[in-house]
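Enquirer: For reference, this is my_file-v6.pdb, and it has PDB, C-alpha atoms and all ligand atoms.
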ATOM      1  CA  MET A 105       3.945 -14.916   2.800  1.00  0.00           C
ATOM      2  CA  THR A 106       0.215 -15.369   2.184  1.00  0.00           C
ATOM      3  CA  LEU A 107      -0.764 -11.759   1.538  1.00  0.00           C
ATOM      4  CA  THR A 108       0.049  -9.804  -1.608  1.00  0.00           C
ATOM      5  CA  LEU A 109      -1.173  -6.210  -1.980  1.00  0.00           C
ATOM      6  CA  TYR A 110      -1.416  -4.463  -5.348  1.00  0.00           C
ATOM      7  CA  ALA A 111      -1.241  -0.811  -4.489  1.00  0.00           C
ATOM      8  CA  HIS A 112       0.547   2.475  -4.985  1.00  0.00           C
ATOM      9  CA  PRO A 113       1.876   4.639  -2.124  1.00  0.00           C
ATOM     10  CA  PHE A 114       0.296   7.869  -3.448  1.00  0.00           C
ATOM     11  CA  SER A 115      -3.163   6.330  -3.964  1.00  0.00           C
ATOM     12  CA  SER A 116      -5.712   7.290  -1.332  1.00  0.00           C
ATOM     13  CA  TYR A 117      -7.557   3.963  -1.384  1.00  0.00           C
ATOM     14  CA  SER A 118      -4.243   2.096  -1.206  1.00  0.00           C
ATOM     15  CA  GLN A 119      -3.322   4.137   1.871  1.00  0.00           C
ATOM     16  CA  LYS A 120      -6.616   3.145   3.494  1.00  0.00           C
ATOM     17  CA  VAL A 121      -5.518  -0.506   3.389  1.00  0.00           C
ATOM     18  CA  LEU A 122      -1.862   0.218   4.166  1.00  0.00           C
ATOM     19  CA  ILE A 123      -2.966   1.903   7.406  1.00  0.00           C
ATOM     20  CA  ALA A 124      -4.817  -1.277   8.400  1.00  0.00           C
ATOM     21  CA  LEU A 125      -1.768  -3.425   7.612  1.00  0.00           C
ATOM     22  CA  TYR A 126       0.622  -1.096   9.446  1.00  0.00           C
ATOM     23  CA  GLU A 127      -1.676  -0.817  12.491  1.00  0.00           C
ATOM     24  CA  ASN A 128      -1.214  -4.517  13.147  1.00  0.00           C
ATOM     25  CA  ALA A 129       2.263  -4.944  11.633  1.00  0.00           C
ATOM     26  CA  THR A 130       0.694  -7.518   9.300  1.00  0.00           C
ATOM     27  CA  PRO A 131       3.339  -8.938   6.915  1.00  0.00           C
ATOM     28  CA  PHE A 132       2.578  -8.709   3.194  1.00  0.00           C
ATOM     29  CA  GLU A 133       4.242  -8.572  -0.186  1.00  0.00           C
ATOM     30  CA  TYR A 134       3.893  -5.129  -1.782  1.00  0.00           C
ATOM     31  CA  ARG A 135       3.255  -5.306  -5.556  1.00  0.00           C
ATOM     32  CA  MET A 136       3.863  -1.695  -6.444  1.00  0.00           C
ATOM     33  CA  LEU A 137       1.677  -0.503  -9.324  1.00  0.00           C
ATOM     34  CA  GLY A 138       3.098   1.568 -12.115  1.00  0.00           C
ATOM     35  CA  ASP A 139       5.429  -1.275 -13.008  1.00  0.00           C
ATOM     36  CA  ALA A 140       4.080  -2.888 -16.230  1.00  0.00           C
ATOM     37  CA  THR A 141       4.207  -6.449 -14.894  1.00  0.00           C
ATOM     38  CA  ALA A 142       2.310  -5.555 -11.740  1.00  0.00           C
ATOM     39  CA  MET A 143      -0.282  -3.641 -13.802  1.00  0.00           C
ATOM     40  CA  ALA A 144      -0.820  -6.698 -16.034  1.00  0.00           C
ATOM     41  CA  GLU A 145      -1.233  -8.881 -12.948  1.00  0.00           C
ATOM     42  CA  LEU A 146      -3.793  -6.425 -11.554  1.00  0.00           C
ATOM     43  CA  ALA A 147      -5.751  -6.464 -14.837  1.00  0.00           C
ATOM     44  CA  ALA A 148      -5.854 -10.254 -14.733  1.00  0.00           C
ATOM     45  CA  LEU A 149      -7.123 -10.212 -11.136  1.00  0.00           C
ATOM     46  CA  TRP A 150      -9.804  -7.520 -11.403  1.00  0.00           C
ATOM     47  CA  ALA A 151     -11.458  -6.510 -14.660  1.00  0.00           C
ATOM     48  CA  LEU A 152     -12.177  -3.010 -13.345  1.00  0.00           C
ATOM     49  CA  ARG A 153      -8.446  -2.496 -12.681  1.00  0.00           C
ATOM     50  CA  ARG A 154      -9.091  -0.399  -9.612  1.00  0.00           C
ATOM     51  CA  PHE A 155      -6.724  -0.721  -6.721  1.00  0.00           C
ATOM     52  CA  PRO A 156      -5.886  -1.726  -4.064  1.00  0.00           C
ATOM     53  CA  VAL A 157      -6.424  -5.459  -4.560  1.00  0.00           C
ATOM     54  CA  LEU A 158      -5.349  -8.059  -2.014  1.00  0.00           C
ATOM     55  CA  VAL A 159      -4.535 -11.675  -2.813  1.00  0.00           C
ATOM     56  CA  ASP A 160      -4.721 -13.951   0.215  1.00  0.00           C
ATOM     57  CA  SER A 161      -3.526 -17.497  -0.454  1.00  0.00           C
ATOM     58  CA  GLY A 162      -5.041 -17.397  -3.939  1.00  0.00           C
ATOM     59  CA  GLN A 163      -8.245 -15.564  -2.984  1.00  0.00           C
ATOM     60  CA  THR A 164      -8.624 -12.157  -4.648  1.00  0.00           C
ATOM     61  CA  VAL A 165     -10.177  -9.460  -2.476  1.00  0.00           C
ATOM     62  CA  MET A 166     -11.238  -6.139  -4.010  1.00  0.00           C
ATOM     63  CA  GLU A 167     -12.491  -2.822  -2.623  1.00  0.00           C
ATOM     64  CA  ALA A 168     -10.550  -1.139   0.171  1.00  0.00           C
ATOM     65  CA  SER A 169     -13.298  -1.458   2.807  1.00  0.00           C
ATOM     66  CA  ILE A 170     -13.756  -5.149   2.059  1.00  0.00           C
ATOM     67  CA  ILE A 171      -9.997  -5.704   2.209  1.00  0.00           C
ATOM     68  CA  VAL A 172      -9.860  -4.093   5.662  1.00  0.00           C
ATOM     69  CA  GLU A 173     -12.826  -6.247   6.749  1.00  0.00           C
ATOM     70  CA  HIS A 174     -11.051  -9.314   5.337  1.00  0.00           C
ATOM     71  CA  LEU A 175      -7.871  -8.477   7.254  1.00  0.00           C
ATOM     72  CA  ASP A 176      -9.811  -7.976  10.477  1.00  0.00           C
ATOM     73  CA  LEU A 177     -11.605 -11.299   9.979  1.00  0.00           C
ATOM     74  CA  HIS A 178      -8.757 -13.504   8.785  1.00  0.00           C
ATOM     75  CA  HIS A 179      -5.596 -11.781  10.050  1.00  0.00           C
ATOM     76  CA  PRO A 180      -6.635  -9.958  13.220  1.00  0.00           C
ATOM     77  CA  GLY A 181      -4.052  -8.170  15.293  1.00  0.00           C
ATOM     78  CA  PRO A 182      -4.153  -6.179  18.520  1.00  0.00           C
ATOM     79  CA  VAL A 183      -5.939  -3.255  16.821  1.00  0.00           C
ATOM     80  CA  ARG A 184      -9.428  -4.461  15.861  1.00  0.00           C
ATOM     81  CA  LEU A 185     -10.652  -2.343  12.973  1.00  0.00           C
ATOM     82  CA  ILE A 186     -14.235  -3.642  13.080  1.00  0.00           C
ATOM     83  CA  PRO A 187     -15.757  -3.729  16.577  1.00  0.00           C
ATOM     84  CA  SER A 188     -17.025  -7.110  17.716  1.00  0.00           C
ATOM     85  CA  ASP A 189     -20.261  -5.455  18.905  1.00  0.00           C
ATOM     86  CA  ALA A 190     -22.637  -5.509  15.909  1.00  0.00           C
ATOM     87  CA  ARG A 191     -24.203  -2.113  16.658  1.00  0.00           C
ATOM     88  CA  ALA A 192     -20.823  -0.447  17.017  1.00  0.00           C
ATOM     89  CA  ALA A 193     -19.691  -2.162  13.800  1.00  0.00           C
ATOM     90  CA  LEU A 194     -22.691  -0.707  11.963  1.00  0.00           C
ATOM     91  CA  ASP A 195     -21.679   2.814  12.961  1.00  0.00           C
ATOM     92  CA  VAL A 196     -18.092   2.150  11.843  1.00  0.00           C
ATOM     93  CA  ARG A 197     -19.383   0.990   8.456  1.00  0.00           C
ATOM     94  CA  LEU A 198     -21.686   4.007   8.142  1.00  0.00           C
ATOM     95  CA  THR A 199     -18.788   6.327   8.894  1.00  0.00           C
ATOM     96  CA  ASP A 200     -16.579   4.485   6.403  1.00  0.00           C
ATOM     97  CA  ARG A 201     -19.290   5.000   3.741  1.00  0.00           C
ATOM     98  CA  PHE A 202     -19.450   8.686   4.675  1.00  0.00           C
ATOM     99  CA  PHE A 203     -15.725   9.164   4.023  1.00  0.00           C
ATOM    100  CA  ASP A 204     -15.722   7.188   0.752  1.00  0.00           C
ATOM    101  CA  ASN A 205     -18.898   8.659  -0.713  1.00  0.00           C
ATOM    102  CA  TYR A 206     -18.908  12.223   0.548  1.00  0.00           C
ATOM    103  CA  VAL A 207     -15.213  13.073   1.019  1.00  0.00           C
ATOM    104  CA  MET A 208     -13.104  10.748  -1.161  1.00  0.00           C
ATOM    105  CA  THR A 209     -15.484  10.843  -4.162  1.00  0.00           C
ATOM    106  CA  PRO A 210     -15.845  14.643  -4.443  1.00  0.00           C
ATOM    107  CA  MET A 211     -12.120  15.069  -3.739  1.00  0.00           C
ATOM    108  CA  ALA A 212     -11.340  12.661  -6.609  1.00  0.00           C
ATOM    109  CA  LYS A 213     -13.778  14.509  -8.873  1.00  0.00           C
ATOM    110  CA  ILE A 214     -11.920  17.791  -8.349  1.00  0.00           C
ATOM    111  CA  VAL A 215      -8.522  16.152  -8.853  1.00  0.00           C
ATOM    112  CA  THR A 216      -9.380  14.119 -11.954  1.00  0.00           C
ATOM    113  CA  ASP A 217     -11.237  16.993 -13.585  1.00  0.00           C
ATOM    114  CA  ASN A 218      -7.991  18.924 -13.453  1.00  0.00           C
ATOM    115  CA  ILE A 219      -6.214  16.260 -15.518  1.00  0.00           C
ATOM    116  CA  ARG A 220      -8.737  16.487 -18.372  1.00  0.00           C
ATOM    117  CA  PRO A 221      -8.065  18.581 -21.464  1.00  0.00           C
ATOM    118  CA  ALA A 222      -9.561  22.065 -21.014  1.00  0.00           C
ATOM    119  CA  GLY A 223     -12.466  21.424 -23.398  1.00  0.00           C
ATOM    120  CA  GLU A 224     -13.546  18.247 -21.601  1.00  0.00           C
ATOM    121  CA  ARG A 225     -13.792  19.587 -18.067  1.00  0.00           C
ATOM    122  CA  ASP A 226     -16.974  19.469 -16.011  1.00  0.00           C
ATOM    123  CA  ALA A 227     -17.155  22.872 -14.308  1.00  0.00           C
ATOM    124  CA  ARG A 228     -20.610  22.286 -12.839  1.00  0.00           C
ATOM    125  CA  GLY A 229     -19.590  18.870 -11.477  1.00  0.00           C
ATOM    126  CA  VAL A 230     -16.580  20.445  -9.768  1.00  0.00           C
ATOM    127  CA  VAL A 231     -18.743  23.169  -8.183  1.00  0.00           C
ATOM    128  CA  GLU A 232     -21.064  20.426  -6.883  1.00  0.00           C
ATOM    129  CA  ALA A 233     -18.098  18.413  -5.597  1.00  0.00           C
ATOM    130  CA  ARG A 234     -16.777  21.438  -3.705  1.00  0.00           C
ATOM    131  CA  ALA A 235     -20.231  22.067  -2.224  1.00  0.00           C
ATOM    132  CA  MET A 236     -20.476  18.427  -1.165  1.00  0.00           C
ATOM    133  CA  LEU A 237     -17.097  18.659   0.577  1.00  0.00           C
ATOM    134  CA  GLU A 238     -18.200  21.777   2.462  1.00  0.00           C
ATOM    135  CA  THR A 239     -21.372  19.980   3.596  1.00  0.00           C
ATOM    136  CA  ALA A 240     -19.336  16.931   4.603  1.00  0.00           C
ATOM    137  CA  TYR A 241     -16.867  19.069   6.578  1.00  0.00           C
ATOM    138  CA  ARG A 242     -19.767  20.732   8.414  1.00  0.00           C
ATOM    139  CA  TRP A 243     -21.390  17.407   9.312  1.00  0.00           C
ATOM    140  CA  LEU A 244     -18.080  15.936  10.406  1.00  0.00           C
ATOM    141  CA  ASP A 245     -17.160  18.982  12.457  1.00  0.00           C
ATOM    142  CA  ALA A 246     -20.250  18.545  14.616  1.00  0.00           C
ATOM    143  CA  ARG A 247     -19.632  14.791  14.884  1.00  0.00           C
ATOM    144  CA  MET A 248     -16.002  15.220  15.958  1.00  0.00           C
ATOM    145  CA  ALA A 249     -16.765  17.800  18.683  1.00  0.00           C
ATOM    146  CA  GLU A 250     -16.302  15.261  21.461  1.00  0.00           C
ATOM    147  CA  ARG A 251     -14.594  12.377  19.693  1.00  0.00           C
ATOM    148  CA  GLU A 252     -10.985  11.363  19.284  1.00  0.00           C
ATOM    149  CA  TRP A 253     -11.664   8.931  16.430  1.00  0.00           C
ATOM    150  CA  ALA A 254     -14.514   8.873  13.930  1.00  0.00           C
ATOM    151  CA  SER A 255     -16.448   5.964  15.436  1.00  0.00           C
ATOM    152  CA  GLY A 256     -15.384   4.651  18.838  1.00  0.00           C
ATOM    153  CA  ASP A 257     -11.814   3.342  18.999  1.00  0.00           C
ATOM    154  CA  PHE A 258      -9.488   3.663  15.990  1.00  0.00           C
ATOM    155  CA  SER A 259     -11.206   1.648  13.258  1.00  0.00           C
ATOM    156  CA  LEU A 260     -11.932   1.107   9.571  1.00  0.00           C
ATOM    157  CA  ALA A 261     -13.633   4.516   9.656  1.00  0.00           C
ATOM    158  CA  ASP A 262     -10.326   6.194  10.521  1.00  0.00           C
ATOM    159  CA  CYS A 263      -8.479   4.191   7.849  1.00  0.00           C
ATOM    160  CA  ALA A 264     -10.948   5.738   5.379  1.00  0.00           C
ATOM    161  CA  ALA A 265     -10.825   9.192   6.949  1.00  0.00           C
ATOM    162  CA  ALA A 266      -7.052   9.644   6.944  1.00  0.00           C
ATOM    163  CA  PRO A 267      -6.314   9.708   3.191  1.00  0.00           C
ATOM    164  CA  ALA A 268      -9.727  11.210   2.402  1.00  0.00           C
ATOM    165  CA  LEU A 269      -9.204  14.255   4.632  1.00  0.00           C
ATOM    166  CA  PHE A 270      -5.514  14.429   3.776  1.00  0.00           C
ATOM    167  CA  TYR A 271      -6.157  14.945   0.065  1.00  0.00           C
ATOM    168  CA  ALA A 272      -9.508  16.710   0.441  1.00  0.00           C
ATOM    169  CA  ASP A 273      -7.789  19.510   2.352  1.00  0.00           C
ATOM    170  CA  TRP A 274      -5.408  19.923  -0.584  1.00  0.00           C
ATOM    171  CA  ALA A 275      -8.304  20.062  -3.086  1.00  0.00           C
ATOM    172  CA  GLN A 276     -10.786  22.110  -1.019  1.00  0.00           C
ATOM    173  CA  PRO A 277      -9.057  23.556   2.080  1.00  0.00           C
ATOM    174  CA  ILE A 278     -10.851  22.804   5.354  1.00  0.00           C
ATOM    175  CA  ASP A 279     -11.854  26.206   6.690  1.00  0.00           C
ATOM    176  CA  ALA A 280     -10.590  27.291  10.130  1.00  0.00           C
ATOM    177  CA  THR A 281     -14.196  27.366  11.338  1.00  0.00           C
ATOM    178  CA  PHE A 282     -14.158  23.550  11.089  1.00  0.00           C
ATOM    179  CA  ALA A 283     -11.688  23.343  13.970  1.00  0.00           C
ATOM    180  CA  ASN A 284     -12.752  19.838  15.003  1.00  0.00           C
ATOM    181  CA  VAL A 285     -12.135  18.466  11.512  1.00  0.00           C
ATOM    182  CA  ARG A 286      -8.750  20.161  11.321  1.00  0.00           C
ATOM    183  CA  ALA A 287      -7.780  18.794  14.738  1.00  0.00           C
ATOM    184  CA  TYR A 288      -8.929  15.297  13.735  1.00  0.00           C
ATOM    185  CA  ARG A 289      -6.882  15.515  10.499  1.00  0.00           C
ATOM    186  CA  ARG A 290      -3.829  16.488  12.592  1.00  0.00           C
ATOM    187  CA  ARG A 291      -4.408  13.512  14.934  1.00  0.00           C
ATOM    188  CA  LEU A 292      -4.558  11.214  11.926  1.00  0.00           C
ATOM    189  CA  LEU A 293      -1.322  12.656  10.531  1.00  0.00           C
ATOM    190  CA  VAL A 294       0.615  11.751  13.688  1.00  0.00           C
ATOM    191  CA  ARG A 295      -0.870   8.271  14.002  1.00  0.00           C
ATOM    192  CA  PRO A 296       2.212   6.110  13.208  1.00  0.00           C
ATOM    193  CA  SER A 297       0.432   3.925  10.629  1.00  0.00           C
ATOM    194  CA  PHE A 298      -0.732   6.925   8.594  1.00  0.00           C
ATOM    195  CA  ALA A 299       2.465   8.927   9.176  1.00  0.00           C
ATOM    196  CA  ARG A 300       4.313   6.001   7.578  1.00  0.00           C
ATOM    197  CA  ALA A 301       1.920   5.907   4.594  1.00  0.00           C
ATOM    198  CA  VAL A 302       2.299   9.673   4.123  1.00  0.00           C
ATOM    199  CA  ASP A 303       6.098   9.418   4.272  1.00  0.00           C
ATOM    200  CA  GLU A 304       6.148   6.603   1.718  1.00  0.00           C
ATOM    201  CA  ALA A 305       4.056   8.745  -0.633  1.00  0.00           C
ATOM    202  CA  ARG A 306       6.191  11.907  -0.331  1.00  0.00           C
ATOM    203  CA  PRO A 307       8.341  11.204  -3.418  1.00  0.00           C
ATOM    204  CA  TYR A 308       5.188  11.213  -5.561  1.00  0.00           C
ATOM    205  CA  ARG A 309       3.858  14.629  -4.542  1.00  0.00           C
ATOM    206  CA  PRO A 310       4.996  16.282  -7.773  1.00  0.00           C
ATOM    207  CA  LEU A 311       2.396  14.051  -9.477  1.00  0.00           C
ATOM    208  CA  PHE A 312      -0.524  15.709  -7.649  1.00  0.00           C
ATOM    209  CA  PRO A 313      -2.474  17.385 -10.471  1.00  0.00           C
ATOM    210  CA  LEU A 314      -3.492  20.466  -8.462  1.00  0.00           C
ATOM    211  CA  GLY A 315       0.036  20.997  -7.161  1.00  0.00           C
ATOM    212  CA  ALA A 316       0.705  19.595  -3.694  1.00  0.00           C
ATOM    213  CA  PRO A 317       0.828  22.344  -1.064  1.00  0.00           C
ATOM    214  CA  ASP A 318       4.153  22.666   0.753  1.00  0.00           C
ATOM    215  CA  ARG A 319       2.898  21.278   4.076  1.00  0.00           C
ATOM    216  CA  ASP A 320       1.846  18.063   5.819  1.00  0.00           C
TER
HETATM  217  N1  LIG B   1     -14.138   1.682  -4.649  1.00  0.00           N
HETATM  218  C1  LIG B   1     -12.729   1.389  -4.817  1.00  0.00           C
HETATM  219  C2  LIG B   1     -12.034   2.604  -5.403  1.00  0.00           C
HETATM  220  C3  LIG B   1     -10.614   2.300  -5.798  1.00  0.00           C
HETATM  221  C4  LIG B   1     -10.014   3.394  -6.667  1.00  0.00           C
HETATM  222  O1  LIG B   1     -10.728   4.194  -7.302  1.00  0.00           O
HETATM  223  N2  LIG B   1      -8.697   3.409  -6.695  1.00  0.00           N
HETATM  224  C5  LIG B   1      -7.999   4.328  -7.562  1.00  0.00           C
HETATM  225  C6  LIG B   1      -6.640   4.672  -6.946  1.00  0.00           C
HETATM  226  S1  LIG B   1      -6.828   5.613  -5.421  1.00  0.00           S
HETATM  227  C7  LIG B   1      -7.762   3.681  -8.896  1.00  0.00           C
HETATM  228  O2  LIG B   1      -7.830   2.479  -9.006  1.00  0.00           O
HETATM  229  N3  LIG B   1      -7.486   4.481  -9.909  1.00  0.00           N
HETATM  230  C8  LIG B   1      -7.182   3.959 -11.221  1.00  0.00           C
HETATM  231  C9  LIG B   1      -8.258   4.264 -12.231  1.00  0.00           C
HETATM  232  O3  LIG B   1      -9.200   5.006 -11.914  1.00  0.00           O
HETATM  233  O4  LIG B   1      -8.129   3.759 -13.346  1.00  0.00           O
HETATM  234  C10 LIG B   1     -12.143   0.969  -3.471  1.00  0.00           C
HETATM  235  O5  LIG B   1     -12.732   1.308  -2.438  1.00  0.00           O
HETATM  236  O6  LIG B   1     -11.112   0.278  -3.443  1.00  0.00           O
END
How does this structure look as structure tokens?
Expert:
Amino acid sequence: MTLTLYAHPFSSYSQKVLIALYENATPFEYRMLGDATAMAELAALWALRRFPVLVDSGQTVMEASIIVEHLDLHHPGPVRLIPSDARAALDVRLTDRFFDNYVMTPMAKIVTDNIRPAGERDARGVVEARAMLETAYRWLDARMAEREWASGDFSLADCAAAPALFYADWAQPIDATFANVRAYRRRLLVRPSFARAVDEARPYRPLFPLGAPDRD
């Protein structure tokens, strides 16, 4: 076994990488975080202690997008997550940035604000995060009008989109007027790689700070 992944099933960025691994049935050792030993190992690997982190034959790889790129480069399978055409790859990377910066980040802002003590909350920041999500949904709805996946064939962009839209809809429900986004989210939910990640995370739903809705 050359690949070790430090991750947690309920973590959105962990799911982004798990989707990539499951898409290609790539074997790996799962170091489940939460366990004190695994947390100490993570801290030794990456000072910022953010996860997921991949260790490949002694090389530490951080940041979910870079891990997916690393997997596509060094452990490719039948599902190529970065297109070989450079122009198509650029659009995949742009779309990946869109999901991280404008869906995942505001979603996380809303969720983490809820964990703070009442006197330390950032009401204005949460209003801005909700507004950013609405703008992102609108942009994505137009983009997805005639697409099955976010950028060409199933790719890194969809690995990013799946957990981002999954949790964003719990934090700031995607309005029915954004029918293309809702349909895309449903397609992602039945994609076997993401369906598996969602199933593995089910036991942790009581941990969702806003209260996980009884669906999905
Ligand atoms: N930019 C990082 C973000 C990773 C991240 O924020 N992961 C969360 C879990 S989903 C985390 O490490 N949370 C622990 C913390 O914030 O201390 C990436 O793309 O991998």
Enquirer: Neighbouring residues of Tyr288 in chain A were defined as those with any atom within 12 Å, considering all atoms listed in the file; residues of the same chain fewer than 3 positions away were excluded. Please report them as a count of residues only.
Expert: 28
Enquirer: Considering all atoms listed in the file, give me a table of residues in chain A that are at most 9 Å from ligand LIG 1 (chain B), with the closest atom pair and distance in Å for each, as a tab-separated table.
Expert:
residue	atom	partner	partner_atom	distance
A:Ala111	CA	B:LIG1	C6	8.1
A:His112	CA	B:LIG1	C6	7.8
A:Phe114	CA	B:LIG1	S1	7.7
A:Ser115	CA	B:LIG1	S1	4.0
A:Ser116	CA	B:LIG1	S1	4.6
A:Tyr117	CA	B:LIG1	S1	4.4
A:Ser118	CA	B:LIG1	S1	6.1
A:Gln119	CA	B:LIG1	S1	8.2
A:Lys120	CA	B:LIG1	O5	8.7
A:Val121	CA	B:LIG1	O6	8.9
A:Leu152	CA	B:LIG1	O4	7.9
A:Arg153	CA	B:LIG1	O2	6.2
A:Arg154	CA	B:LIG1	O2	3.2
A:Phe155	CA	B:LIG1	O2	4.1
A:Pro156	CA	B:LIG1	O6	5.6
A:Val157	CA	B:LIG1	O6	7.5
A:Met166	CA	B:LIG1	O6	6.4
A:Glu167	CA	B:LIG1	O6	3.5
A:Ala168	CA	B:LIG1	O6	3.9
A:Ser169	CA	B:LIG1	O5	6.0
A:Ile170	CA	B:LIG1	O5	7.9
A:Ile171	CA	B:LIG1	O6	8.3
A:Asp204	CA	B:LIG1	O5	7.3
A:Thr209	CA	B:LIG1	O1	8.8
A:Ala212	CA	B:LIG1	S1	8.5
Enquirer: Using the chain letters and numbers from this file, what does the PyMOL selection byres (((chain A and resi 296) around 12) and not hetatm) select? Give the answer as a PyMOL selection string.
Expert: chain A and resi 122-129+266+291-295+297-303
Enquirer: Would you export the selected residues with C-alpha atoms as a PDB file, keeping the file's coordinate frame, please?
Expert:
ATOM      1  CA  LEU A 122      -1.862   0.218   4.166  1.00  0.00           C
ATOM      2  CA  ILE A 123      -2.966   1.903   7.406  1.00  0.00           C
ATOM      3  CA  ALA A 124      -4.817  -1.277   8.400  1.00  0.00           C
ATOM      4  CA  LEU A 125      -1.768  -3.425   7.612  1.00  0.00           C
ATOM      5  CA  TYR A 126       0.622  -1.096   9.446  1.00  0.00           C
ATOM      6  CA  GLU A 127      -1.676  -0.817  12.491  1.00  0.00           C
ATOM      7  CA  ASN A 128      -1.214  -4.517  13.147  1.00  0.00           C
ATOM      8  CA  ALA A 129       2.263  -4.944  11.633  1.00  0.00           C
ATOM      9  CA  ALA A 266      -7.052   9.644   6.944  1.00  0.00           C
ATOM     10  CA  ARG A 291      -4.408  13.512  14.934  1.00  0.00           C
ATOM     11  CA  LEU A 292      -4.558  11.214  11.926  1.00  0.00           C
ATOM     12  CA  LEU A 293      -1.322  12.656  10.531  1.00  0.00           C
ATOM     13  CA  VAL A 294       0.615  11.751  13.688  1.00  0.00           C
ATOM     14  CA  ARG A 295      -0.870   8.271  14.002  1.00  0.00           C
ATOM     15  CA  SER A 297       0.432   3.925  10.629  1.00  0.00           C
ATOM     16  CA  PHE A 298      -0.732   6.925   8.594  1.00  0.00           C
ATOM     17  CA  ALA A 299       2.465   8.927   9.176  1.00  0.00           C
ATOM     18  CA  ARG A 300       4.313   6.001   7.578  1.00  0.00           C
ATOM     19  CA  ALA A 301       1.920   5.907   4.594  1.00  0.00           C
ATOM     20  CA  VAL A 302       2.299   9.673   4.123  1.00  0.00           C
ATOM     21  CA  ASP A 303       6.098   9.418   4.272  1.00  0.00           C
TER      22      ASP A 303
END
Enquirer: I would like the residues chosen by the PyMOL selection byres (((chain A and resi 317) around 12) and not hetatm) on the shown file; could you give them as a list of chain:residue names?
Expert: A:Phe270, A:Tyr271, A:Ala272, A:Asp273, A:Trp274, A:Ala275, A:Gln276, A:Pro277, A:Arg306, A:Arg309, A:Pro310, A:Leu311, A:Phe312, A:Pro313, A:Leu314, A:Gly315, A:Ala316, A:Asp318, A:Arg319, A:Asp320
Enquirer: List the residues matched by the PyMOL selection byres (((chain A and resi 207) around 7) and not hetatm) in the displayed structure as a PyMOL selection string, ordered by chain and then by residue number.
Expert: chain A and resi 203-206+208-211+237+240+268+272
Enquirer: In Å, how far is it from CA of Gly181 in chain A to CA of Phe202 in chain A?
Expert: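 For CA of Gly181 in chain A relative to CA of Phe202 in chain A, the distance reads 25.2 Å.
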Enquirer: How far is it from CA of Met236 in chain A to CA of Ala287 in chain A, in Å with one decimal?
Expert: 20.4 Å
Enquirer: Nearest to Met136 in chain A among A:Ala151, A:Pro221, A:Ser161, A:Pro113, with distances taken over only C-alpha atoms: which residue is it?
Expert: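 Looking at the shortest contact to Met136 in chain A, the residue is A:Pro113.
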Enquirer: How big is the axis-aligned box, and where does its centre sit, when it encloses all atoms of range 187-193 of chain A listed in the file and has 3 Å added on every side, reported in Å to one decimal as JSON?
Expert:
{"center_x": -20.0, "center_y": -3.8, "center_z": 16.4, "size_x": 14.4, "size_y": 12.7, "size_z": 11.1}
Enquirer: At what distance in Å, to one decimal, does CA of Ala147 in chain A lie from CA of Val215 in chain A?
Expert: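 Those two atoms sit 23.6 Å apart.
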Enquirer: I need the residue nearest Ala235 in chain A from this list: A:Ala192, A:Ile214, A:Ile219, A:Val183. Use only C-alpha atoms for the distance.
Expert: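 For Ala235 in chain A, the nearest of the candidates is A:Ile214.
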Enquirer: Measuring atom to atom with only C-alpha atoms, identify which of A:Leu109, A:Ser259, A:Arg220, A:Glu145 is nearest to Ile186 in chain A.
Expert: A:Ser259
Enquirer: When you count all atoms listed in the file, which of these residues is closest to Gln163 in chain A: A:Arg242, A:Trp150, A:Arg289, A:Tyr134?
Expert: A:Trp150
